[in-house]
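A.B. asks: Input file: query_2.txt. Contents: compact mmCIF, C-alpha atoms.
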```txt
# COMPACT_ATOMS: atom_id res chain seq x y z
CA MET A 5 87.20 111.37 82.79
CA ILE A 6 85.26 109.18 80.37
CA GLU A 7 82.31 111.53 80.64
CA LEU A 8 84.51 114.47 79.75
CA GLY A 9 85.80 112.51 76.77
CA PHE A 10 82.23 111.83 75.58
CA PHE A 11 81.33 115.45 76.10
CA ILE A 12 84.22 116.67 73.96
CA VAL A 13 83.48 114.11 71.24
CA PHE A 14 79.79 115.07 71.18
CA LEU A 15 80.67 118.73 71.11
CA ALA A 16 83.09 118.22 68.22
CA CYS A 17 80.56 116.06 66.32
CA GLY A 18 77.86 118.64 66.92
CA PHE A 19 80.08 121.44 65.74
CA ILE A 20 81.41 119.74 62.61
CA PHE A 21 78.27 117.90 61.42
CA GLY A 22 75.84 120.47 62.73
CA GLN A 23 77.53 123.39 61.00
CA ARG A 24 77.87 121.43 57.79
CA ALA A 25 74.24 120.32 57.85
CA GLU A 26 73.10 123.87 58.52
CA LYS A 27 75.20 125.31 55.71
CA ARG A 28 73.89 122.73 53.25
CA HIS A 29 70.34 123.26 54.39
CA PHE A 30 70.57 127.02 53.92
CA GLU A 31 72.04 126.54 50.45
CA SER A 32 69.19 124.26 49.45
CA ILE A 33 66.60 126.64 50.96
CA ILE A 34 67.97 129.61 49.02
CA LYS A 35 68.03 127.57 45.81
CA ARG A 36 64.43 126.37 46.20
CA GLU A 37 63.22 129.81 47.25
CA LYS A 38 64.49 131.13 43.94
CA GLN A 39 62.73 128.32 42.07
CA THR A 40 59.37 128.92 43.73
CA ILE A 41 59.50 132.72 43.70
CA SER A 42 56.74 132.83 41.08
CA LEU A 43 54.14 131.68 43.61
CA PRO A 44 53.21 134.60 45.86
CA VAL A 45 52.47 133.86 49.50
CA VAL A 46 50.37 136.52 51.18
CA ALA A 47 49.29 137.04 54.78
CA SER A 48 46.06 138.78 53.75
CA LYS A 49 42.67 137.37 54.63
CA TYR A 50 40.86 138.82 51.66
CA PRO A 51 41.17 136.93 48.40
CA PRO A 52 41.10 138.79 45.08
CA GLU A 53 37.67 139.06 43.52
CA ASP A 54 38.68 139.61 39.92
CA GLN A 55 38.70 135.93 39.09
CA LEU A 56 37.04 132.77 40.37
CA TYR A 57 39.21 130.55 42.51
CA ASP A 58 38.84 127.22 44.25
CA GLN A 59 40.17 127.28 47.79
CA VAL A 60 42.38 124.45 49.01
CA LEU A 61 44.05 124.24 52.39
CA VAL A 62 47.76 123.57 51.93
CA SER A 63 50.36 122.98 54.57
CA GLY A 64 53.99 122.10 55.09
CA ASN A 65 55.71 120.99 58.23
CA VAL A 66 59.19 120.15 59.37
CA VAL A 67 60.84 119.01 62.58
CA VAL A 68 64.40 120.22 62.97
CA ALA A 69 66.65 119.11 65.77
CA SER A 70 69.24 121.22 67.42
CA ASP A 71 72.74 119.73 67.62
CA TYR A 72 74.89 119.24 70.70
CA PHE A 73 77.06 122.25 69.99
CA LYS A 74 74.06 124.53 69.53
CA SER A 75 72.44 123.33 72.73
CA PHE A 76 75.69 123.83 74.61
CA THR A 77 76.38 127.34 73.32
CA ALA A 78 72.74 128.26 73.90
CA GLY A 79 73.16 127.12 77.49
CA LEU A 80 76.23 129.35 77.83
CA ILE A 81 74.45 132.37 76.33
CA ASN A 82 71.61 131.74 78.75
CA ILE A 83 73.92 132.53 81.64
CA PHE A 84 74.78 136.01 80.38
CA GLY A 85 71.63 136.73 78.42
CA GLY A 86 71.42 138.21 74.95
CA ARG A 87 70.59 136.96 71.49
CA VAL A 88 70.63 133.20 71.26
CA THR A 89 71.91 133.12 67.69
CA PRO A 90 72.31 129.31 67.44
CA PHE A 91 68.56 128.89 67.95
CA GLU A 92 67.66 131.89 65.82
CA SER A 93 69.22 130.22 62.79
CA LEU A 94 67.53 126.93 63.69
CA LEU A 95 64.09 128.50 63.78
CA ASP A 96 64.76 130.45 60.61
CA ARG A 97 65.68 127.23 58.82
CA GLY A 98 62.58 125.51 60.12
CA ARG A 99 60.25 128.29 59.06
CA ARG A 100 61.66 128.72 55.60
CA GLU A 101 61.63 124.96 55.03
CA ALA A 102 58.00 124.75 56.16
CA VAL A 103 57.01 127.56 53.78
CA LEU A 104 58.82 125.83 50.92
CA ARG A 105 56.98 122.58 51.59
CA MET A 106 53.70 124.43 51.75
CA LYS A 107 54.54 126.05 48.42
CA ASP A 108 55.33 122.63 46.92
CA ASP A 109 51.93 121.45 48.08
CA ALA A 110 50.30 124.52 46.51
CA ILE A 111 52.23 124.07 43.27
CA SER A 112 51.03 120.46 43.06
CA HIS A 113 47.49 121.88 43.08
CA ASN A 114 48.40 124.39 40.33
CA ALA A 115 47.66 127.29 42.63
CA ASP A 116 48.13 130.93 41.69
CA TRP A 117 48.31 132.30 45.21
CA VAL A 118 48.60 131.23 48.81
CA PHE A 119 46.53 133.42 51.11
CA ASN A 120 46.34 133.88 54.85
CA ILE A 121 49.53 132.08 55.76
CA LYS A 122 49.78 131.09 59.41
CA PHE A 123 52.71 129.71 61.36
CA GLU A 124 52.71 127.32 64.27
CA THR A 125 55.85 126.57 66.19
CA SER A 126 56.03 124.01 68.92
CA ARG A 127 58.75 122.34 70.87
CA ILE A 128 58.89 118.58 70.49
CA VAL A 129 60.29 116.87 73.53
CA THR A 130 62.71 114.15 72.52
CA GLY A 131 64.51 112.91 75.59
CA ARG A 132 67.07 115.48 76.71
CA ALA A 133 67.56 118.03 74.03
CA GLY A 134 64.92 119.75 72.02
CA ALA A 135 63.63 119.78 68.53
CA ILE A 136 61.16 122.23 67.09
CA GLU A 137 58.29 121.66 64.77
CA VAL A 138 57.20 124.39 62.42
CA LEU A 139 53.94 124.21 60.54
CA ALA A 140 53.05 126.67 57.82
CA TYR A 141 49.57 126.57 56.36
CA GLY A 142 47.42 128.71 54.19
CA THR A 143 44.74 128.70 51.57
CA ALA A 144 45.86 128.04 48.03
CA LEU A 145 43.77 129.73 45.38
CA VAL A 146 43.42 127.49 42.37
CA PRO A 147 41.89 129.09 39.28
CA GLU A 148 38.60 127.35 38.55
CA ARG A 149 38.65 125.18 35.47
CA THR A 150 35.45 126.69 34.14
CA SER A 151 36.77 130.19 34.55
CA VAL A 152 40.04 129.23 32.88
CA ALA A 153 38.10 127.94 29.90
CA SER A 154 35.91 131.01 29.69
CA SER A 155 38.87 133.36 30.02
CA ASP A 156 40.65 131.45 27.27
CA THR A 157 37.77 131.91 24.90
CA SER A 158 37.26 135.50 25.92
CA THR A 159 40.86 136.53 25.32
CA ALA A 160 40.12 137.05 21.65
CA ASP A 161 37.24 139.44 22.28
CA ASN A 162 38.54 140.42 25.67
CA LEU A 163 37.75 144.10 25.36
CA VAL A 164 34.14 143.46 24.45
CA THR A 165 33.21 140.89 27.09
CA SER A 166 35.33 141.76 30.08
CA PRO A 167 33.33 144.75 31.38
CA ALA A 168 30.16 142.69 31.37
CA ILE A 169 31.83 139.79 33.17
CA SER A 170 33.40 142.02 35.78
CA ALA A 171 30.06 143.73 36.37
CA THR A 172 28.23 140.47 36.95
CA ARG A 173 30.96 139.12 39.17
CA THR A 174 31.33 142.10 41.43
CA THR A 175 27.65 142.64 42.09
CA PRO A 176 27.06 139.56 44.28
CA ALA A 177 30.15 140.34 46.30
CA THR A 178 29.19 143.90 47.21
CA MET B 18 34.06 119.31 51.32
CA LEU B 19 35.72 122.68 51.06
CA ILE B 20 38.26 123.43 53.76
CA SER B 21 39.82 126.84 53.91
CA ASN B 22 41.44 129.13 56.40
CA LEU B 23 39.96 132.23 54.78
CA GLU B 24 36.73 133.72 56.03
CA ILE B 25 35.44 134.88 52.70
CA LEU B 26 34.48 133.02 49.58
CA PRO B 27 34.02 135.74 46.98
CA ASP B 28 31.96 133.71 44.53
CA ARG B 29 29.91 131.57 46.92
CA ARG B 30 27.15 132.59 49.25
CA ILE B 31 26.99 131.18 52.77
CA VAL B 32 23.44 130.00 53.41
CA ARG B 33 23.83 128.95 57.02
CA HIS B 34 26.45 129.14 59.76
CA ILE B 35 26.33 125.87 61.66
CA GLY B 36 29.00 126.41 64.29
CA LEU B 37 32.30 125.14 65.57
CA VAL B 38 33.60 121.78 64.43
CA GLN B 39 36.82 120.22 65.61
CA GLY B 40 39.09 117.24 65.34
CA SER B 41 42.03 116.12 67.39
CA SER B 42 44.61 113.38 67.43
CA VAL B 43 47.33 112.32 69.84
CA ARG B 44 50.06 110.14 68.45
CA SER B 45 53.50 108.92 69.33
CA LYS B 46 56.22 106.96 67.59
CA HIS B 47 57.75 103.74 68.81
CA VAL B 48 60.81 103.77 71.03
CA GLY B 49 63.21 103.02 68.17
CA ARG B 50 62.33 106.33 66.55
CA ASP B 51 62.87 108.13 69.82
CA ILE B 52 66.33 106.62 70.17
CA MET B 53 67.16 107.63 66.61
CA ALA B 54 65.94 111.11 67.39
CA SER B 55 68.18 111.42 70.41
CA PHE B 56 71.14 110.52 68.20
CA LYS B 57 70.10 113.18 65.75
CA ASN B 58 70.17 115.64 68.61
CA ILE B 59 73.95 115.36 68.66
CA PHE B 60 74.44 115.95 64.95
CA GLY B 61 71.49 118.17 64.20
CA GLY B 62 69.30 118.02 61.14
CA GLU B 63 65.75 117.11 60.28
CA LEU B 64 63.91 114.44 62.25
CA GLN B 65 62.02 112.90 59.37
CA GLY B 66 60.26 110.36 61.58
CA TYR B 67 58.65 113.12 63.57
CA THR B 68 57.86 115.22 60.52
CA GLU B 69 55.92 112.26 59.09
CA LEU B 70 54.31 111.50 62.42
CA LEU B 71 52.97 115.00 62.82
CA HIS B 72 51.87 115.16 59.21
CA GLU B 73 49.88 111.93 59.55
CA SER B 74 48.50 113.10 62.84
CA ARG B 75 47.32 116.34 61.25
CA GLU B 76 45.67 114.45 58.40
CA GLU B 77 43.84 112.30 60.90
CA ALA B 78 42.68 115.32 62.89
CA THR B 79 41.49 116.96 59.68
CA ALA B 80 39.64 113.78 58.69
CA ARG B 81 37.82 113.87 62.02
CA LEU B 82 36.97 117.52 61.48
CA VAL B 83 35.52 116.68 58.08
CA GLU B 84 33.57 113.78 59.54
CA GLN B 85 32.07 116.00 62.19
CA ALA B 86 31.25 118.69 59.65
CA LYS B 87 29.49 116.13 57.46
CA SER B 88 27.47 114.83 60.40
CA VAL B 89 26.07 118.29 61.08
CA GLY B 90 25.17 118.79 57.44
CA ALA B 91 27.86 121.25 56.42
CA ASN B 92 29.45 121.32 52.99
CA ALA B 93 32.38 123.57 53.89
CA VAL B 94 34.59 124.45 56.83
CA ILE B 95 36.03 127.94 56.84
CA ASN B 96 38.53 129.78 59.01
CA VAL B 97 40.35 126.58 59.93
CA ARG B 98 43.11 126.79 62.53
CA TYR B 99 45.67 124.25 63.68
CA SER B 100 47.16 124.02 67.11
CA THR B 101 49.90 121.74 68.40
CA SER B 102 50.95 120.93 71.92
CA SER B 103 53.49 118.42 73.02
CA ILE B 104 52.10 116.58 76.00
CA ALA B 105 54.77 113.97 76.78
CA ALA B 106 58.12 112.79 75.42
CA GLY B 107 57.53 111.74 71.83
CA ALA B 108 53.78 112.42 71.83
CA ALA B 109 51.98 115.45 70.55
CA GLU B 110 48.39 116.52 70.36
CA ILE B 111 47.15 118.07 67.15
CA PHE B 112 43.98 120.02 67.30
CA VAL B 113 42.15 121.50 64.35
CA TYR B 114 39.01 123.60 64.46
CA GLY B 115 36.93 125.73 62.18
CA THR B 116 33.49 127.05 61.40
CA ALA B 117 31.14 124.69 59.64
CA VAL B 118 28.96 126.43 57.07
CA GLU B 119 26.52 125.50 54.40
CA LEU B 120 27.25 127.01 51.04
CA GLU B 121 24.75 127.74 48.36
CA SER B 122 24.95 124.89 45.90
CA THR B 123 26.11 125.91 42.45
```
Would you give me this structure, written as structure tokens?

C.D. replies:
Amino acid sequence: MIELGFFIVFLACGFIFGQRAEKRHFESIIKREKQTISLPVVASKYPPEDQLYDQVLVSGNVVVASDYFKSFTAGLINIFGGRVTPFESLLDRGRREAVLRMKDDAISHNADWVFNIKFETSRIVTGRAGAIEVLAYGTALVPERTSVASSDTSTADNLVTSPAISATRTTPAT
Amino acid sequence: MLISNLEILPDRRIVRHIGLVQGSSVRSKHVGRDIMASFKNIFGGELQGYTELLHESREEATARLVEQAKSVGANAVINVRYSTSSIAAGAAEIFVYGTAVELEST
């Protein structure tokens, strides 16, 4: 009887606090995604060759726990099969949060791009229920200070110097 | 030491490929954190203790990778990959590996 009471209390707590936490988290994710939209994150391996960049490895990680209600409903869905929506939203939150943290890291380096983004998801065992860890990492391309200076000076006579610069820069690469 | 998960450095020439370098770290938090985490599992939300733990662990693994790369005379590690596996309750192994190379000095 007491166990049933605990179960109902946990379920109610999980439902109320869990749903509220998730809603707030999604709101904050959407807000920050809009703020950091100017930094492009690309899954390509090949960096642009038009400008000189320093490469810095940036990463962001987050551990998000599932709540009691989610775990319970997921267990129910498991019986019948189908989409486990409670965990889908959990993983989505985790991934987007990890990308945002990676972007923050890249922004702190004054990066222009993040290339070759990779995701790592792993289950962290914490007693009974699960939590997931999402890691997002990639290479931030930071414009080289020397090249910034030279491009600043060359903006005035951009048309004159740029073909020569592009010619010298593309030849070693090809 | 340049660390990157790209394979190409457009403006630098790779003089020598040295080979695989790696670093790993296994860490766990004290019991108090684990108890806190199990409470969080009722309400949901971020487990900040674990986020920090794994972040520190990753930094340590990367530091070991850098150390190894230095010892073999590399000045850059390219194509770096991370891998995580949870091995016991509250402990996780972080593994990082990449290719050590020597870049042409500029």

A.B. asks: Which of these residues is nearest to chain B, using all atoms listed in the file: A:Phe84, A:Phe76, A:Tyr50, A:Phe91?

C.D. replies: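 The answer is A:Tyr50, which sits nearest to chain B.
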
A.B. asks: With all atoms of segment 101-110 of chain B from the file as input, state the centre and edge lengths in Å to one decimal of the axis-aligned box that has 8 Å extra on each side, as JSON.

C.D. replies:
```
{"center_x": 53.3, "center_y": 116.7, "center_z": 72.6, "size_x": 25.7, "size_y": 26.0, "size_z": 24.4}
```

A.B. asks: With only C-alpha atoms as the basis for distance, which of B:Thr79, B:Thr116, B:Ser55, B:Ser41 is at the shortest distance from chain A?

C.D. replies: B:Ser55

A.B. asks: Find the residues in chain A near chain B: any atom within 8 Å counts, using only C-alpha atoms. Write them as an NGL selection string.

C.D. replies: :A and (14-15 or 17-19 or 21-22 or 25-26 or 49-53 or 56 or 59-61 or 65-73 or 119-120 or 124-135 or 137 or 142-143 or 173 or 176-177)

A.B. asks: Have a look at atom CA of Lys27 of chain A and atom CA of Pro44 of chain A and let me know their distance in Å, one decimal.

C.D. replies: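 Calculated distance between atom CA of Lys27 of chain A and atom CA of Pro44 of chain A is 25.8 Å.
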
A.B. asks: To one decimal place in Å, what is the distance between atom CA of Met106 of chain A and atom CA of Ser42 of chain A?

C.D. replies: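 Here the two named atoms are 13.9 Å from each other.
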
A.B. asks: Interatomic distance between atom CA of Lys35 of chain A and atom CA of Arg99 of chain A?

C.D. replies: 15.4 Å

A.B. asks: Rank nothing, just name the residue among A:Phe10, A:Phe123, A:Phe30, A:Trp117 nearest to Pro147 of chain A, using all atoms listed in the file.

C.D. replies: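 Counting all atoms listed in the file, the residue closest to Pro147 of chain A is A:Trp117.
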
A.B. asks: Quick one: segment 96-117 of chain B from the block, N, CA and C atoms, as a PDB file, in the first residue's frame.

C.D. replies:
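Final output, saved to out_39.pdb:
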```
ATOM      1  N   ASN B  96      42.279  14.549 -37.232  1.00  0.00           N
ATOM      2  CA  ASN B  96      41.245  13.513 -37.285  1.00  0.00           C
ATOM      3  C   ASN B  96      40.975  12.902 -35.908  1.00  0.00           C
ATOM      4  N   VAL B  97      40.793  13.753 -34.928  1.00  0.00           N
ATOM      5  CA  VAL B  97      40.578  13.301 -33.552  1.00  0.00           C
ATOM      6  C   VAL B  97      39.142  12.808 -33.366  1.00  0.00           C
ATOM      7  N   ARG B  98      39.007  11.706 -32.679  1.00  0.00           N
ATOM      8  CA  ARG B  98      37.674  11.149 -32.383  1.00  0.00           C
ATOM      9  C   ARG B  98      37.550  10.874 -30.885  1.00  0.00           C
ATOM     10  N   TYR B  99      36.338  11.075 -30.376  1.00  0.00           N
ATOM     11  CA  TYR B  99      36.062  10.737 -28.981  1.00  0.00           C
ATOM     12  C   TYR B  99      35.192   9.490 -28.934  1.00  0.00           C
ATOM     13  N   SER B 100      35.323   8.757 -27.866  1.00  0.00           N
ATOM     14  CA  SER B 100      34.418   7.639 -27.675  1.00  0.00           C
ATOM     15  C   SER B 100      34.162   7.477 -26.185  1.00  0.00           C
ATOM     16  N   THR B 101      32.937   7.181 -25.842  1.00  0.00           N
ATOM     17  CA  THR B 101      32.540   7.084 -24.440  1.00  0.00           C
ATOM     18  C   THR B 101      31.903   5.734 -24.188  1.00  0.00           C
ATOM     19  N   SER B 102      32.263   5.093 -23.102  1.00  0.00           N
ATOM     20  CA  SER B 102      31.499   3.900 -22.726  1.00  0.00           C
ATOM     21  C   SER B 102      31.332   3.883 -21.225  1.00  0.00           C
ATOM     22  N   SER B 103      30.126   3.585 -20.807  1.00  0.00           N
ATOM     23  CA  SER B 103      29.897   3.534 -19.369  1.00  0.00           C
ATOM     24  C   SER B 103      30.184   2.108 -18.916  1.00  0.00           C
ATOM     25  N   ILE B 104      31.084   1.988 -17.957  1.00  0.00           N
ATOM     26  CA  ILE B 104      31.552   0.646 -17.597  1.00  0.00           C
ATOM     27  C   ILE B 104      30.948   0.144 -16.297  1.00  0.00           C
ATOM     28  N   ALA B 105      30.547   1.043 -15.397  1.00  0.00           N
ATOM     29  CA  ALA B 105      29.897   0.623 -14.158  1.00  0.00           C
ATOM     30  C   ALA B 105      29.011   1.772 -13.709  1.00  0.00           C
ATOM     31  N   ALA B 106      28.214   1.551 -12.671  1.00  0.00           N
ATOM     32  CA  ALA B 106      27.324   2.619 -12.199  1.00  0.00           C
ATOM     33  C   ALA B 106      28.160   3.829 -11.786  1.00  0.00           C
ATOM     34  N   GLY B 107      27.913   4.954 -12.425  1.00  0.00           N
ATOM     35  CA  GLY B 107      28.592   6.187 -12.046  1.00  0.00           C
ATOM     36  C   GLY B 107      30.008   6.327 -12.542  1.00  0.00           C
ATOM     37  N   ALA B 108      30.496   5.388 -13.354  1.00  0.00           N
ATOM     38  CA  ALA B 108      31.845   5.523 -13.910  1.00  0.00           C
ATOM     39  C   ALA B 108      31.772   5.389 -15.426  1.00  0.00           C
ATOM     40  N   ALA B 109      32.593   6.174 -16.084  1.00  0.00           N
ATOM     41  CA  ALA B 109      32.592   6.115 -17.542  1.00  0.00           C
ATOM     42  C   ALA B 109      34.019   6.202 -18.044  1.00  0.00           C
ATOM     43  N   GLU B 110      34.276   5.530 -19.140  1.00  0.00           N
ATOM     44  CA  GLU B 110      35.577   5.616 -19.746  1.00  0.00           C
ATOM     45  C   GLU B 110      35.498   6.536 -20.956  1.00  0.00           C
ATOM     46  N   ILE B 111      36.414   7.464 -21.009  1.00  0.00           N
ATOM     47  CA  ILE B 111      36.504   8.368 -22.151  1.00  0.00           C
ATOM     48  C   ILE B 111      37.769   8.009 -22.893  1.00  0.00           C
ATOM     49  N   PHE B 112      37.627   7.869 -24.168  1.00  0.00           N
ATOM     50  CA  PHE B 112      38.766   7.485 -24.986  1.00  0.00           C
ATOM     51  C   PHE B 112      38.873   8.489 -26.133  1.00  0.00           C
ATOM     52  N   VAL B 113      40.060   8.957 -26.371  1.00  0.00           N
ATOM     53  CA  VAL B 113      40.243   9.907 -27.474  1.00  0.00           C
ATOM     54  C   VAL B 113      41.451   9.456 -28.282  1.00  0.00           C
ATOM     55  N   TYR B 114      41.315   9.509 -29.597  1.00  0.00           N
ATOM     56  CA  TYR B 114      42.417   9.046 -30.435  1.00  0.00           C
ATOM     57  C   TYR B 114      42.508   9.895 -31.696  1.00  0.00           C
ATOM     58  N   GLY B 115      43.642   9.895 -32.289  1.00  0.00           N
ATOM     59  CA  GLY B 115      43.841  10.686 -33.497  1.00  0.00           C
ATOM     60  C   GLY B 115      45.161  10.341 -34.152  1.00  0.00           C
ATOM     61  N   THR B 116      45.425  10.997 -35.266  1.00  0.00           N
ATOM     62  CA  THR B 116      46.661  10.756 -35.995  1.00  0.00           C
ATOM     63  C   THR B 116      47.658  11.856 -35.677  1.00  0.00           C
ATOM     64  N   ALA B 117      48.797  11.455 -35.176  1.00  0.00           N
ATOM     65  CA  ALA B 117      49.844  12.435 -34.886  1.00  0.00           C
ATOM     66  C   ALA B 117      50.601  12.737 -36.170  1.00  0.00           C
TER      67      ALA B 117
END
```
